[in-house]
file coords08.txt (compact mmCIF, C-alpha atoms)
# COMPACT_ATOMS: atom_id res chain seq x y z
CA MET A 1192 7.16 -6.96 -9.84
CA ALA A 1193 6.09 -7.71 -6.26
CA GLU A 1194 9.72 -7.56 -5.17
CA ARG A 1195 10.19 -4.20 -6.89
CA SER A 1196 7.06 -2.89 -5.25
CA VAL A 1197 8.47 -3.86 -1.80
CA ILE A 1198 11.74 -2.10 -2.65
CA ASP A 1199 9.97 1.02 -3.92
CA SER A 1200 7.80 1.10 -0.82
CA GLU A 1201 10.86 0.92 1.46
CA LEU A 1202 12.56 3.60 -0.65
CA LYS A 1203 9.54 5.86 -0.21
CA GLU A 1204 9.62 5.30 3.55
CA ILE A 1205 13.36 6.05 3.70
CA ASN A 1206 12.85 9.26 1.72
CA THR A 1207 10.08 10.32 4.11
CA VAL A 1208 12.30 9.71 7.17
CA LEU A 1209 15.22 11.53 5.54
CA GLN A 1210 12.95 14.45 4.70
CA GLU A 1211 11.62 14.60 8.27
CA LEU A 1212 15.16 14.40 9.65
CA GLY A 1213 16.10 17.31 7.40
CA ASN A 1214 13.23 19.37 8.82
CA ILE A 1215 14.22 19.06 12.47
CA PRO A 1216 17.19 20.76 14.18
CA GLN A 1217 20.58 19.08 13.79
CA ASP A 1218 20.93 18.63 17.56
CA SER A 1219 17.59 16.82 17.91
CA THR A 1220 17.60 13.62 19.90
CA ILE A 1221 16.79 10.60 17.78
CA TYR A 1222 15.83 7.16 19.03
CA LYS A 1223 15.80 3.87 17.19
CA ILE A 1224 13.57 0.93 18.13
CA VAL A 1225 15.65 -2.18 18.76
CA GLY A 1226 13.34 -4.98 19.85
CA ASN A 1227 11.36 -3.46 22.74
CA LEU A 1228 13.98 -0.85 23.47
CA LEU A 1229 14.30 2.71 22.27
CA VAL A 1230 18.00 3.39 21.86
CA ARG A 1231 19.39 6.88 21.47
CA VAL A 1232 21.26 7.29 18.17
CA ASN A 1233 23.21 10.03 16.47
CA LYS A 1234 21.22 11.97 13.83
CA ALA A 1235 24.16 12.12 11.41
CA ASP A 1236 24.71 8.36 11.77
CA VAL A 1237 21.02 7.70 11.07
CA GLU A 1238 21.12 9.89 7.96
CA ARG A 1239 24.27 8.12 6.76
CA GLU A 1240 22.75 4.69 7.44
CA LEU A 1241 19.55 5.59 5.59
CA ASN A 1242 21.41 7.11 2.63
CA ASP A 1243 23.51 3.93 2.33
CA ARG A 1244 20.37 1.77 2.40
CA LYS A 1245 18.73 4.10 -0.13
CA GLU A 1246 21.66 3.73 -2.51
CA ILE A 1247 21.49 -0.08 -2.33
CA LEU A 1248 17.72 -0.11 -2.84
CA GLU A 1249 17.89 2.31 -5.79
CA LEU A 1250 20.45 0.06 -7.44
CA ARG A 1251 18.25 -3.03 -6.88
CA SER A 1252 15.20 -1.16 -8.12
CA ARG A 1253 16.99 -0.18 -11.33
CA THR A 1254 18.12 -3.80 -11.83
CA TYR A 1255 14.53 -5.01 -11.42
CA GLN A 1256 13.29 -2.31 -13.82
CA LYS A 1257 15.72 -3.52 -16.49
CA GLN A 1258 14.74 -7.17 -15.90
CA GLU A 1259 11.08 -6.25 -16.07
CA ALA A 1260 11.59 -4.42 -19.38
CA THR A 1261 13.44 -7.45 -20.81
CA PHE A 1262 10.71 -9.86 -19.68
CA ARG A 1263 8.01 -7.59 -21.11
CA THR A 1264 9.75 -7.53 -24.51
CA GLU A 1265 10.11 -11.34 -24.43
CA LEU A 1266 6.45 -11.69 -23.48
CA GLU A 1267 5.34 -9.40 -26.31
CA ASN A 1268 7.44 -11.38 -28.81
CA LEU A 1269 5.97 -14.65 -27.55
CA GLN A 1270 2.45 -13.23 -27.74
CA LYS A 1271 3.08 -12.18 -31.34
CA LYS A 1272 4.38 -15.65 -32.22
CA ILE A 1273 1.39 -17.34 -30.56
CA GLN A 1274 -1.01 -15.00 -32.39
CA GLU A 1275 0.70 -15.77 -35.73
CA LEU A 1276 0.44 -19.52 -35.09
CA TYR A 1277 -3.17 -19.17 -33.97
CA ASN A 1278 -4.06 -17.19 -37.09
CA LYS A 1279 -2.28 -19.77 -39.22
CA TYR A 1280 -4.09 -22.81 -37.78
CA TYR A 1281 -7.42 -21.15 -36.89
CA PRO A 1282 -8.06 -18.60 -39.62
CA GLN A 1283 -10.70 -15.90 -38.89
CA GLY A 1284 -10.65 -16.65 -35.15
CA ALA A 1285 -12.42 -20.03 -35.41
CA GLY A 1286 -11.90 -22.71 -32.80
CA GLY A 1287 -13.03 -23.02 -29.23
CA ALA A 1288 -13.76 -19.45 -28.10
CA ALA A 1289 -17.38 -19.00 -27.07
CA LYS A 1290 -19.21 -15.78 -27.64
CA ALA A 1291 -20.16 -13.96 -24.45
CA MET B 310 -14.93 -7.72 -32.22
CA ALA B 311 -12.83 -9.83 -29.84
CA GLN B 312 -14.45 -12.94 -28.41
CA VAL B 313 -14.41 -13.58 -24.69
CA SER B 314 -15.14 -16.98 -23.22
CA VAL B 315 -17.29 -17.56 -20.13
CA GLU B 316 -14.20 -19.04 -18.43
CA ASP B 317 -12.33 -15.78 -19.07
CA LEU B 318 -15.17 -13.80 -17.53
CA LEU B 319 -15.27 -16.06 -14.49
CA ALA B 320 -11.50 -15.77 -14.05
CA GLN B 321 -11.71 -12.01 -14.36
CA ALA B 322 -14.57 -11.84 -11.83
CA SER B 323 -12.55 -13.96 -9.39
CA ALA B 324 -9.45 -11.76 -9.83
CA LEU B 325 -11.57 -8.64 -9.29
CA ARG B 326 -13.14 -10.17 -6.16
CA ASN B 327 -9.65 -10.85 -4.74
CA ASN B 328 -8.56 -7.32 -5.59
CA ILE B 329 -11.67 -5.85 -3.95
CA ASP B 330 -10.97 -7.86 -0.76
CA TYR B 331 -7.34 -6.67 -0.77
CA LEU B 332 -8.33 -3.02 -1.32
CA GLN B 333 -10.94 -3.22 1.44
CA ARG B 334 -8.34 -4.58 3.87
CA LEU B 335 -5.93 -1.83 2.79
CA ALA B 336 -8.60 0.86 3.26
CA ASN B 337 -9.30 -0.50 6.77
CA ASP B 338 -5.59 -0.40 7.64
CA VAL B 339 -5.27 3.19 6.40
CA ALA B 340 -8.43 4.18 8.31
CA ASP B 341 -6.92 2.61 11.46
CA ALA B 342 -3.69 4.55 10.93
CA LEU B 343 -5.69 7.75 10.50
CA ALA B 344 -7.62 7.12 13.72
CA SER B 345 -4.34 6.48 15.52
CA ILE B 346 -2.88 9.77 14.27
CA ALA B 347 -6.03 11.65 15.30
CA SER B 348 -5.68 10.09 18.75
CA ALA B 349 -1.99 11.12 18.97
CA LYS B 350 -2.88 14.70 18.01
CA GLU B 351 -5.64 14.71 20.60
CA ALA B 352 -3.11 13.55 23.22
CA ILE B 353 -0.73 16.40 22.28
CA ASN B 354 -3.51 18.93 22.77
CA ALA B 355 -4.63 17.32 26.02
CA LEU B 356 -1.05 17.40 27.36
CA LYS B 357 -0.93 21.18 26.91
CA ASN B 358 -3.65 21.50 29.56
CA VAL B 359 -2.50 18.82 32.01
CA SER B 360 -1.85 20.48 35.35
CA GLY B 361 -1.68 17.62 37.82
CA ASP B 362 -1.17 13.88 37.65
CA ALA B 363 -1.76 11.87 34.52
CA LEU B 364 -2.36 8.17 33.99
CA ILE B 365 -0.89 5.91 31.37
CA ALA B 366 -2.17 2.53 30.21
CA ALA B 367 0.23 -0.32 30.88
CA ASP B 368 -1.31 -2.45 28.15
CA LYS B 369 -3.09 -1.95 24.84
CA ARG B 370 -6.60 -2.58 26.26
CA GLY B 371 -6.16 -0.46 29.36
CA ASN B 372 -6.48 -3.29 31.89
CA LEU B 373 -3.93 -1.55 34.08
CA MET B 374 -3.33 2.17 34.47
CA LEU B 375 -0.20 3.66 35.99
CA LYS B 376 -0.04 7.02 37.67
CA LEU B 377 2.54 9.43 36.31
CA GLY B 378 3.84 12.22 38.52
CA SER B 379 4.14 14.88 35.87
CA ILE B 380 4.61 15.00 32.14
CA ASP B 381 6.97 17.31 30.34
CA SER B 382 4.58 18.41 27.61
CA SER B 383 7.14 20.68 25.95
CA LYS B 384 8.89 17.73 24.27
CA VAL B 385 7.47 14.51 22.88
CA LEU B 386 8.80 11.61 20.84
CA VAL B 387 7.24 11.40 17.40
CA HIS B 388 7.52 8.51 14.96
CA LEU B 389 9.41 9.58 11.84
CA GLY B 390 8.90 6.32 9.96
CA LEU B 391 10.72 2.96 9.86
CA ASN B 392 12.31 2.42 13.32
CA TYR B 393 13.02 6.02 14.16
CA TYR B 394 11.59 8.48 16.67
CA ALA B 395 12.65 12.07 17.23
CA GLU B 396 12.32 14.18 20.34
CA VAL B 397 10.67 17.38 19.20
CA THR B 398 8.41 20.12 20.51
CA SER B 399 4.73 19.25 20.65
CA GLU B 400 4.09 21.81 17.87
CA LYS B 401 6.64 20.14 15.58
CA ALA B 402 5.16 16.73 16.42
CA GLU B 403 1.72 18.04 15.51
CA ASP B 404 3.08 19.33 12.17
CA ILE B 405 4.65 15.95 11.38
CA LEU B 406 1.43 14.12 12.33
CA THR B 407 -0.74 16.51 10.29
CA LYS B 408 1.46 15.96 7.24
CA ARG B 409 1.19 12.18 7.67
CA GLU B 410 -2.55 12.51 8.17
CA GLN B 411 -2.88 14.39 4.85
CA GLU B 412 -0.80 11.76 3.04
CA LEU B 413 -2.94 8.98 4.51
CA LYS B 414 -6.17 10.78 3.59
CA ALA B 415 -4.93 11.14 0.01
CA ALA B 416 -3.94 7.45 -0.02
CA LEU B 417 -7.37 6.47 1.35
CA GLU B 418 -9.05 8.50 -1.39
CA ARG B 419 -6.94 6.77 -4.06
CA ILE B 420 -7.76 3.35 -2.57
CA ASN B 421 -11.48 4.16 -2.43
CA ASN B 422 -11.46 5.35 -6.06
CA GLU B 423 -9.70 2.16 -7.12
CA LEU B 424 -12.16 0.15 -5.03
CA ALA B 425 -15.12 1.85 -6.70
CA LYS B 426 -13.69 1.09 -10.18
CA ASN B 427 -13.12 -2.56 -9.24
CA VAL B 428 -16.61 -2.92 -7.76
CA GLN B 429 -18.14 -1.40 -10.90
CA ALA B 430 -16.17 -3.75 -13.18
CA TYR B 431 -17.10 -6.72 -10.94
CA ASN B 432 -20.81 -5.77 -11.06
CA GLU B 433 -20.68 -5.43 -14.84
CA ILE B 434 -19.09 -8.86 -15.24
CA THR B 435 -21.48 -10.56 -12.82
CA SER B 436 -24.40 -8.97 -14.66
CA ILE B 437 -23.07 -10.36 -17.98
CA LEU B 438 -22.60 -13.78 -16.38
CA GLN B 439 -26.16 -13.68 -15.01
CA SER B 440 -27.60 -12.90 -18.45
CA ILE B 441 -25.55 -15.75 -19.96
CA GLU B 442 -26.93 -18.07 -17.28
CA GLU B 443 -30.51 -16.93 -17.93
CA GLU B 444 -30.04 -17.35 -21.68
CA ALA B 445 -28.67 -20.86 -21.15
CA ARG B 446 -31.64 -21.71 -18.91
CA ARG B 447 -34.10 -20.43 -21.51
CA ALA B 448 -32.35 -22.41 -24.26
CA ALA B 449 -32.46 -25.57 -22.13
CA ALA B 450 -36.18 -25.08 -21.39
CA GLN B 451 -36.94 -24.60 -25.10
CA GLN B 452 -35.03 -27.79 -25.94
CA LYS B 453 -37.16 -29.74 -23.42
CA ARG B 454 -40.35 -28.55 -25.15
call {"tool": "encode", "arguments": {"input": "coords08.txt", "output": "structure tokens"}}
result
Amino acid sequence: MAERSVIDSELKEINTVLQELGNIPQDSTIYKIVGNLLVRVNKADVERELNDRKEILELRSRTYQKQEATFRTELENLQKKIQELYNKYYPQGAGGAAKA
Amino acid sequence: MAQVSVEDLLAQASALRNNIDYLQRLANDVADALASIASAKEAINALKNVSGDALIAADKRGNLMLKLGSIDSSKVLVHLGLNYYAEVTSEKAEDILTKREQELKAALERINNELAKNVQAYNEITSILQSIEEEARRAAAQQKR
């Protein structure tokens, strides 16, 4: 889930940059930070680079979503089994739990 | 009614405490970002009225200032996000910064709401734990008698 949250956060940031790039003139000068340098880059190249990255991240996000759904189902099934066993061996909730 | 053990309550209180610390750090970061944007917008407005020389800090704390001959205030570089900057007019830069400022304000509000909910839940749990402790103390005192 933490991994998916990092991916989603980067996706959000990419979408923001793409949106801002779309709102400025096509001939605008764009710079990219490389280490301590600001290097002039082509706007179309930046958009292409970001769209490629976005595609990869969306794919990874979908994969994580599917995995998460599978794990959740497994967890629910396990919880049900544990509850059944608990009810079987400790009828009416007896055994160990203290009242708050 | 479901039974909750004291250990569960303590674990929940500890998790809430960690979450509160995290949210407070996050709120501070967002507040810092907001202050930085306000400062950038202030600089844009100040640049519009610069007639002569201007000075720029060579380091973050302003230990050294460098004199700049003149500044072209018609175009500035604004951060778009990630590693990218765009050269735009000061008006466009102000628009971009205002939009980011609004997003950050909304985020700060969401964080503060979440923080308030967590603090309330934490206070409720600690109050329950305190009453359990008092009850246990009373029971122990009665046993001694």
call {"tool": "residues_around", "arguments": {"input": "coords08.txt", "residues": "stretch 1252-1263 of chain A", "least_positions_apart": "5", "cutoff": "9 Å", "atoms": "only C-alpha atoms", "output": "list in words"}}
result
Met1192, Glu1194, Arg1195, Ser1196, Ile1198, Asp1199, Ile1247 and Asn1268 of chain A
call {"tool": "closest_atom_pairs", "arguments": {"input": "coords08.txt", "of": "chain B", "to": "chain A", "cutoff": "7 Å", "atoms": "only C-alpha atoms", "output": "tab-separated table"}}
result
residue	atom	partner	partner_atom	distance
B:Gln312	CA	A:Lys1290	CA	5.6
B:Val313	CA	A:Ala1291	CA	5.8
B:Ser314	CA	A:Ala1289	CA	4.9
B:Val315	CA	A:Ala1291	CA	6.3
B:Leu389	CA	A:Val1208	CA	5.5
B:Gly390	CA	A:Val1208	CA	5.6
B:Leu391	CA	A:Glu1204	CA	6.8
B:Asn392	CA	A:Ile1224	CA	5.2
B:Tyr393	CA	A:Lys1223	CA	4.6
B:Tyr394	CA	A:Tyr1222	CA	5.0
B:Ala395	CA	A:Ile1221	CA	4.4
B:Glu396	CA	A:Thr1220	CA	5.3
call {"tool": "closest_residue", "arguments": {"input": "coords08.txt", "among": "B:Arg446, B:Lys369, B:Lys350, B:Lys376", "to": "B:Glu410", "atoms": "all atoms listed in the file"}}
result
B:Lys350
call {"tool": "residues_around", "arguments": {"input": "coords08.txt", "residues": "stretch 325-341 of chain B", "least_positions_apart": "2", "cutoff": "10 Å", "atoms": "all atoms listed in the file", "output": "PyMOL selection string"}}
result
chain B and resi 319-323+343-347+410+413-414+416-421+423-432+434
call {"tool": "atom_distance", "arguments": {"input": "coords08.txt", "atom1": "atom CA of B:Leu373", "atom2": "atom CA of B:Ala352"}}
result
18.6 Å
call {"tool": "atom_distance", "arguments": {"input": "coords08.txt", "atom1": "atom CA of B:Lys357", "atom2": "atom CA of B:Val397"}}
result
14.4 Å
call {"tool": "atom_distance", "arguments": {"input": "coords08.txt", "atom1": "atom CA of A:Asp1236", "atom2": "atom CA of B:Asp381"}}
result
27.2 Å
call {"tool": "decode", "arguments": {"input": "coords08.txt", "residues": "stretch 332-350 of chain B", "atoms": "N, CA and C atoms", "output": "mmCIF file, in the first residue's frame"}}
result
data_model
loop_
_atom_site.group_PDB
_atom_site.id
_atom_site.type_symbol
_atom_site.label_atom_id
_atom_site.label_comp_id
_atom_site.auth_asym_id
_atom_site.auth_seq_id
_atom_site.Cartn_x
_atom_site.Cartn_y
_atom_site.Cartn_z
ATOM 1 N N LEU B 332 1.191 13.636 11.160
ATOM 2 C CA LEU B 332 0.343 14.687 10.590
ATOM 3 C C LEU B 332 0.853 16.076 10.964
ATOM 4 N N GLN B 333 1.393 16.208 12.191
ATOM 5 C CA GLN B 333 1.933 17.499 12.609
ATOM 6 C C GLN B 333 3.156 17.874 11.773
ATOM 7 N N ARG B 334 4.006 16.867 11.505
ATOM 8 C CA ARG B 334 5.190 17.124 10.671
ATOM 9 C C ARG B 334 4.759 17.526 9.253
ATOM 10 N N LEU B 335 3.739 16.802 8.751
ATOM 11 C CA LEU B 335 3.214 17.085 7.411
ATOM 12 C C LEU B 335 2.636 18.503 7.340
ATOM 13 N N ALA B 336 1.877 18.876 8.377
ATOM 14 C CA ALA B 336 1.274 20.218 8.421
ATOM 15 C C ALA B 336 2.373 21.275 8.442
ATOM 16 N N ASN B 337 3.462 21.019 9.175
ATOM 17 C CA ASN B 337 4.579 21.974 9.221
ATOM 18 C C ASN B 337 5.231 22.120 7.851
ATOM 19 N N ASP B 338 5.406 20.969 7.161
ATOM 20 C CA ASP B 338 6.010 20.999 5.822
ATOM 21 C C ASP B 338 5.143 21.814 4.859
ATOM 22 N N VAL B 339 3.831 21.575 4.915
ATOM 23 C CA VAL B 339 2.918 22.289 4.012
ATOM 24 C C VAL B 339 2.921 23.784 4.349
ATOM 25 N N ALA B 340 2.959 24.107 5.644
ATOM 26 C CA ALA B 340 2.998 25.512 6.056
ATOM 27 C C ALA B 340 4.287 26.179 5.560
ATOM 28 N N ASP B 341 5.390 25.435 5.598
ATOM 29 C CA ASP B 341 6.677 25.941 5.081
ATOM 30 C C ASP B 341 6.572 26.224 3.590
ATOM 31 N N ALA B 342 5.970 25.261 2.866
ATOM 32 C CA ALA B 342 5.806 25.410 1.414
ATOM 33 C C ALA B 342 4.936 26.625 1.100
ATOM 34 N N LEU B 343 3.900 26.835 1.911
ATOM 35 C CA LEU B 343 3.015 27.986 1.713
ATOM 36 C C LEU B 343 3.766 29.292 1.938
ATOM 37 N N ALA B 344 4.597 29.320 2.983
ATOM 38 C CA ALA B 344 5.378 30.528 3.288
ATOM 39 C C ALA B 344 6.350 30.814 2.150
ATOM 40 N N SER B 345 6.915 29.751 1.581
ATOM 41 C CA SER B 345 7.868 29.897 0.488
ATOM 42 C C SER B 345 7.175 30.462 -0.756
ATOM 43 N N ILE B 346 5.961 29.999 -1.022
ATOM 44 C CA ILE B 346 5.210 30.494 -2.178
ATOM 45 C C ILE B 346 4.840 31.964 -1.973
ATOM 46 N N ALA B 347 4.429 32.294 -0.747
ATOM 47 C CA ALA B 347 4.082 33.691 -0.442
ATOM 48 C C ALA B 347 5.304 34.579 -0.677
ATOM 49 N N SER B 348 6.477 34.077 -0.284
ATOM 50 C CA SER B 348 7.711 34.836 -0.450
ATOM 51 C C SER B 348 8.049 35.016 -1.938
ATOM 52 N N ALA B 349 7.814 33.956 -2.739
ATOM 53 C CA ALA B 349 8.069 34.026 -4.182
ATOM 54 C C ALA B 349 7.139 35.056 -4.835
ATOM 55 N N LYS B 350 5.873 35.058 -4.400
ATOM 56 C CA LYS B 350 4.915 36.010 -4.969
ATOM 57 C C LYS B 350 5.284 37.448 -4.590
#
